[in-house]
file upload.cif (mmCIF, C-alpha atoms)
data_query
loop_
_atom_site.label_atom_id
_atom_site.label_comp_id
_atom_site.auth_asym_id
_atom_site.auth_seq_id
_atom_site.Cartn_x
_atom_site.Cartn_y
_atom_site.Cartn_z
CA MET A 1 -91.73 -65.46 -76.60
CA PRO A 2 -88.86 -63.95 -78.62
CA GLU A 3 -86.65 -66.29 -80.58
CA GLY A 4 -83.86 -67.75 -78.46
CA ASP A 5 -85.42 -66.68 -75.13
CA THR A 6 -86.05 -70.17 -73.87
CA PRO A 7 -87.43 -70.98 -70.38
CA GLN A 8 -84.00 -72.24 -69.34
CA ARG A 9 -82.35 -68.94 -70.37
CA LYS A 10 -85.00 -66.90 -68.54
CA ASP A 11 -84.51 -68.95 -65.36
CA PHE A 12 -80.75 -68.22 -65.49
CA TRP A 13 -81.24 -64.43 -65.56
CA ASP A 14 -83.92 -64.59 -62.86
CA LYS A 15 -81.48 -66.48 -60.62
CA ALA A 16 -78.70 -64.04 -61.47
CA ASP A 17 -80.97 -61.15 -60.58
CA VAL A 18 -81.83 -62.70 -57.22
CA GLY A 19 -78.15 -63.45 -56.57
CA GLY A 20 -77.24 -59.87 -57.40
CA LYS A 21 -79.73 -58.56 -54.88
CA TRP A 22 -77.97 -60.60 -52.16
CA LEU A 23 -74.47 -59.95 -53.52
CA ILE A 24 -74.65 -56.16 -53.38
CA PRO A 25 -75.28 -55.93 -49.60
CA ILE A 26 -72.51 -58.45 -48.98
CA VAL A 27 -70.05 -56.46 -51.06
CA VAL A 28 -71.08 -53.24 -49.30
CA ALA A 29 -70.68 -54.93 -45.90
CA PHE A 30 -67.21 -56.19 -46.74
CA ALA A 31 -66.23 -52.80 -48.14
CA THR A 32 -67.47 -51.11 -44.95
CA ILE A 33 -65.51 -53.54 -42.78
CA TRP A 34 -62.37 -52.97 -44.88
CA PHE A 35 -62.74 -49.19 -44.72
CA SER A 36 -63.29 -49.25 -40.95
CA ALA A 37 -60.23 -51.44 -40.44
CA THR A 38 -58.15 -49.16 -42.66
CA GLN A 39 -59.37 -46.06 -40.83
CA THR A 40 -58.65 -47.63 -37.45
CA ALA A 41 -55.11 -48.52 -38.54
CA ARG A 42 -54.63 -44.97 -39.82
CA ASP A 43 -55.89 -43.53 -36.50
CA VAL A 44 -53.51 -45.75 -34.56
CA ARG A 45 -50.60 -44.62 -36.73
CA GLN A 46 -51.61 -40.97 -36.29
CA LYS A 47 -51.84 -41.32 -32.50
CA THR A 48 -48.44 -43.00 -32.43
CA PHE A 49 -47.01 -40.21 -34.60
CA ASP A 50 -48.54 -37.49 -32.38
CA SER A 51 -47.20 -39.19 -29.25
CA GLU A 52 -43.71 -39.48 -30.70
CA ARG A 53 -43.79 -35.86 -31.87
CA ALA A 54 -44.84 -34.68 -28.39
CA GLU A 55 -42.00 -36.66 -26.80
CA LYS A 56 -39.48 -35.21 -29.26
CA GLN A 57 -40.76 -31.69 -28.60
CA LYS A 58 -40.42 -32.17 -24.85
CA THR A 59 -36.90 -33.57 -25.29
CA PHE A 60 -35.99 -30.59 -27.47
CA GLU A 61 -37.31 -28.17 -24.83
CA VAL A 62 -35.23 -29.90 -22.16
CA ALA A 63 -32.15 -29.69 -24.38
CA ILE A 64 -32.74 -25.98 -25.01
CA GLY A 65 -33.04 -25.38 -21.27
CA ILE A 66 -29.67 -27.09 -20.71
CA LEU A 67 -27.98 -25.12 -23.50
CA ARG A 68 -29.23 -21.84 -22.05
CA GLU A 69 -27.26 -22.49 -18.86
CA PRO A 70 -23.59 -21.43 -18.73
CA PRO A 71 -21.14 -24.29 -19.48
CA SER A 72 -19.43 -25.88 -16.48
CA GLN A 73 -17.23 -28.87 -15.71
CA GLU A 74 -20.19 -30.62 -14.10
CA THR A 75 -22.37 -30.41 -17.21
CA VAL A 76 -19.91 -31.21 -20.00
CA GLU A 77 -21.51 -34.53 -20.98
CA LEU A 78 -25.02 -33.18 -20.44
CA ARG A 79 -24.35 -30.26 -22.79
CA LYS A 80 -22.94 -32.68 -25.39
CA TRP A 81 -26.20 -34.63 -25.29
CA ALA A 82 -28.28 -31.43 -25.46
CA LEU A 83 -26.21 -30.14 -28.38
CA THR A 84 -26.72 -33.44 -30.23
CA VAL A 85 -30.50 -33.12 -29.77
CA PHE A 86 -30.38 -29.49 -30.89
CA LYS A 87 -28.41 -30.34 -34.05
CA ASP A 88 -30.69 -33.27 -34.90
CA VAL A 89 -33.92 -31.29 -34.58
CA THR A 90 -32.70 -28.18 -36.35
CA LYS A 91 -31.18 -30.27 -39.15
CA ASN A 92 -34.54 -31.89 -39.86
CA ALA A 93 -36.40 -28.57 -39.64
CA TYR A 94 -34.01 -26.05 -41.19
CA GLY A 95 -30.91 -27.83 -42.44
CA GLU A 96 -27.43 -28.57 -41.12
CA VAL A 97 -26.28 -26.27 -38.32
CA PRO A 98 -23.04 -24.50 -39.38
CA GLN A 99 -19.99 -25.74 -37.48
CA GLY A 100 -19.23 -22.20 -36.37
CA ALA A 101 -22.62 -21.99 -34.66
CA VAL A 102 -22.04 -25.40 -33.02
CA ASP A 103 -18.70 -24.16 -31.65
CA GLU A 104 -20.34 -21.03 -30.25
CA ILE A 105 -23.11 -22.98 -28.54
CA SER A 106 -20.60 -25.38 -27.02
CA LYS A 107 -18.66 -22.48 -25.44
CA ARG A 108 -21.44 -20.19 -24.20
CA PRO A 109 -25.15 -20.39 -23.30
CA LEU A 110 -27.85 -19.86 -25.88
CA PRO A 111 -29.31 -16.35 -25.75
CA ALA A 112 -32.33 -15.92 -23.52
CA LEU A 113 -34.36 -14.62 -26.44
CA SER A 114 -36.07 -17.25 -28.60
CA GLN A 115 -38.21 -15.03 -30.75
CA ALA A 116 -36.95 -15.87 -34.21
CA SER A 117 -40.45 -16.40 -35.54
CA GLY A 118 -41.52 -12.90 -34.56
CA GLN A 119 -44.78 -14.27 -33.14
CA LEU A 120 -43.93 -13.84 -29.45
CA ARG A 121 -46.04 -11.24 -27.64
CA VAL A 122 -45.25 -10.24 -24.07
CA PHE A 123 -47.97 -8.68 -21.92
CA ILE A 124 -46.62 -6.97 -18.81
CA ILE A 125 -49.59 -6.76 -16.44
CA ARG A 126 -49.40 -4.76 -13.21
CA LEU A 127 -51.85 -4.68 -10.35
CA SER A 128 -54.45 -2.00 -10.96
CA GLY A 129 -53.74 1.17 -8.96
CA THR A 130 -50.05 0.46 -8.35
CA PRO A 131 -47.15 2.54 -9.74
CA THR A 132 -45.85 1.75 -13.22
CA ALA A 133 -42.17 1.84 -12.26
CA THR A 134 -41.66 -1.95 -12.09
CA SER A 135 -43.53 -2.74 -15.31
CA ASP A 136 -41.66 0.08 -17.09
CA GLN A 137 -38.36 -1.33 -15.83
CA ILE A 138 -39.22 -4.81 -17.12
CA LYS A 139 -40.24 -3.42 -20.50
CA SER A 140 -36.97 -1.51 -20.78
CA ALA A 141 -34.92 -4.61 -19.91
CA LEU A 142 -36.79 -6.78 -22.43
CA THR A 143 -36.45 -4.16 -25.14
CA ASP A 144 -32.70 -4.07 -24.54
CA ALA A 145 -32.65 -7.87 -24.94
CA GLY A 146 -34.38 -7.65 -28.32
CA TYR A 147 -37.94 -8.49 -27.37
CA THR A 148 -40.60 -6.78 -29.46
CA GLY A 149 -44.39 -6.68 -29.30
CA ILE A 150 -44.38 -5.75 -25.60
CA ILE A 151 -47.79 -4.62 -24.32
CA LEU A 152 -48.43 -2.89 -20.98
CA SER A 153 -51.74 -3.36 -19.19
CA GLU A 154 -53.24 -3.73 -15.69
CA GLN A 155 -55.55 -6.11 -13.86
CA ILE A 156 -57.96 -5.79 -10.95
CA PRO A 157 -56.95 -7.32 -7.57
CA SER A 158 -59.54 -10.11 -7.65
CA LEU A 159 -57.96 -11.56 -10.82
CA PHE A 160 -54.35 -10.93 -9.85
CA PRO A 161 -52.03 -13.75 -8.66
CA GLN A 162 -50.45 -13.69 -5.21
CA SER A 163 -46.91 -13.53 -6.59
CA ALA A 164 -45.12 -12.35 -9.71
CA GLU A 165 -45.31 -14.91 -12.51
CA VAL A 166 -44.94 -15.59 -16.22
CA ARG A 167 -47.93 -17.40 -17.71
CA TYR A 168 -48.01 -19.40 -20.91
CA TYR A 169 -51.05 -20.95 -22.61
CA TYR A 170 -49.61 -23.51 -25.04
CA GLU A 171 -47.19 -26.33 -24.26
CA SER A 172 -44.98 -25.20 -27.12
CA ASP A 173 -44.35 -21.90 -25.27
CA LEU A 174 -42.80 -23.51 -22.19
CA ALA A 175 -39.23 -22.80 -23.28
CA ASN A 176 -40.07 -19.18 -24.16
CA ALA A 177 -41.80 -18.66 -20.82
CA GLN A 178 -38.91 -20.14 -18.86
CA SER A 179 -36.41 -18.09 -20.83
CA LEU A 180 -38.41 -14.90 -20.25
CA SER A 181 -38.75 -15.59 -16.52
CA ASP A 182 -35.03 -16.33 -16.17
CA TYR A 183 -34.10 -13.14 -17.99
CA ILE A 184 -36.36 -10.98 -15.85
CA ASN A 185 -35.07 -12.54 -12.63
CA GLN A 186 -31.46 -11.97 -13.65
CA ASN A 187 -31.81 -8.46 -15.07
CA VAL A 188 -34.58 -6.67 -13.17
CA ASN A 189 -33.76 -5.81 -9.57
CA GLY A 190 -36.34 -6.69 -6.96
CA VAL A 191 -38.43 -8.91 -9.26
CA THR A 192 -38.64 -12.70 -8.98
CA THR A 193 -41.09 -14.47 -11.25
CA ILE A 194 -42.19 -18.08 -11.43
CA VAL A 195 -43.51 -19.89 -14.53
CA ARG A 196 -47.17 -20.95 -14.62
CA ASN A 197 -48.66 -23.38 -17.12
CA LYS A 198 -52.16 -22.10 -17.95
CA SER A 199 -52.73 -24.31 -21.00
CA ARG A 200 -55.54 -26.18 -19.23
CA ASP A 201 -57.44 -23.05 -18.22
CA PRO A 202 -60.91 -22.68 -19.79
CA ASP A 203 -59.86 -19.44 -21.51
CA ALA A 204 -56.53 -20.75 -22.84
CA SER A 205 -57.91 -20.97 -26.38
CA THR A 206 -58.64 -17.24 -26.34
CA HIS A 207 -54.89 -16.60 -26.41
CA ARG A 208 -52.60 -17.04 -29.37
CA PRO A 209 -49.55 -19.30 -29.41
CA GLY A 210 -46.64 -17.10 -28.37
CA ASP A 211 -48.65 -15.02 -25.87
CA LEU A 212 -46.80 -14.67 -22.56
CA HIS A 213 -48.26 -12.76 -19.60
CA VAL A 214 -45.95 -11.26 -16.98
CA TYR A 215 -47.83 -10.42 -13.76
CA VAL A 216 -45.99 -7.97 -11.46
CA LYS A 217 -47.13 -5.75 -8.59
#
call {"tool": "encode", "arguments": {"input": "upload.cif", "output": "structure tokens"}}
result
Amino acid sequence: MPEGDTPQRKDFWDKADVGGKWLIPIVVAFATIWFSATQTARDVRQKTFDSERAEKQKTFEVAIGILREPPSQETVELRKWALTVFKDVTKNAYGEVPQGAVDEISKRPLPALSQASGQLRVFIIRLSGTPTATSDQIKSALTDAGYTGIILSEQIPSLFPQSAEVRYYYESDLANAQSLSDYINQNVNGVTTIVRNKSRDPDASTHRPGDLHVYVK
């Protein structure tokens, strides 16, 4: 036995070794519990954040819809609220809205076009075998309004809706779809479209955000 390595000293390290074998799993267990609790708290915070963001987005879309309507005596207070929402959201995203722009919005409706990002694509789809006059008329009206990326196509009767409609595939495109439908109904004679939410369709993910489909016979 080496000098100084007494039986009592050897017993101490043996016990320490045994204790370490039990201590490591305990530490790992506690670390796992701590990590799981931390992850759960983070998930809860993320879900809360996502829920709040969705509510704010919906509120912003409602405000935009109000501001796109012409001002009237009956909607003075409503437009004030909508303008406050608009200023708050745009300030956080892009910076303070110039006072001149605020004055303009308070006096007249927002333009129907909301294509500032340049990502909006409008597909004008006519019933296969029908004349192109109506779809050409819609394209001309949208071009005059400043829409770009307009694509003409056709669809077979079995896949065609019963009435004219504007389809959108992402919740964030609701305001664009409503604006597009309103513009068509106001500026294209003989055409009345309705807005359809197709975000829950199985093929919704095959479309890009900003894709709007106008179905007309």
call {"tool": "closest_residue", "arguments": {"input": "upload.cif", "among": "A:Tyr147, A:Asn197, A:Lys217, A:Lys107", "to": "Pro131 in chain A", "atoms": "only C-alpha atoms"}}
result
A:Lys217
call {"tool": "residues_near_point", "arguments": {"input": "upload.cif", "point": "(-49.7, -5.5, -6.4)", "cutoff": "12 Å", "atoms": "all atoms listed in the file", "output": "JSON, numbers by chain"}}
result
{"A": [125, 126, 127, 128, 129, 130, 131, 132, 134, 135, 154, 155, 156, 157, 158, 159, 160, 161, 162, 163, 164, 215, 216, 217]}
call {"tool": "atom_distance", "arguments": {"input": "upload.cif", "atom1": "CA of Val191 in chain A", "atom2": "CA of Ser140 in chain A"}}
result
13.8 Å
call {"tool": "resolve_selection", "arguments": {"input": "upload.cif", "expression": "the PyMOL selection byres ((chain A and resi 192) around 12)", "output": "list in words"}}
result
Thr134, Ile138, Ser163, Ala164, Glu165, Val166, Leu180, Ser181, Asp182, Tyr183, Ile184, Asn185, Gln186, Asn187, Val188, Asn189, Gly190, Val191, Thr193, Ile194, Val195, Val214, Tyr215, Val216 and Lys217 of chain A
call {"tool": "closest_residue", "arguments": {"input": "upload.cif", "among": "A:Ala177, A:Ala141, A:Ile64, A:Val122", "to": "Ser153 in chain A", "atoms": "all atoms listed in the file"}}
result
A:Val122
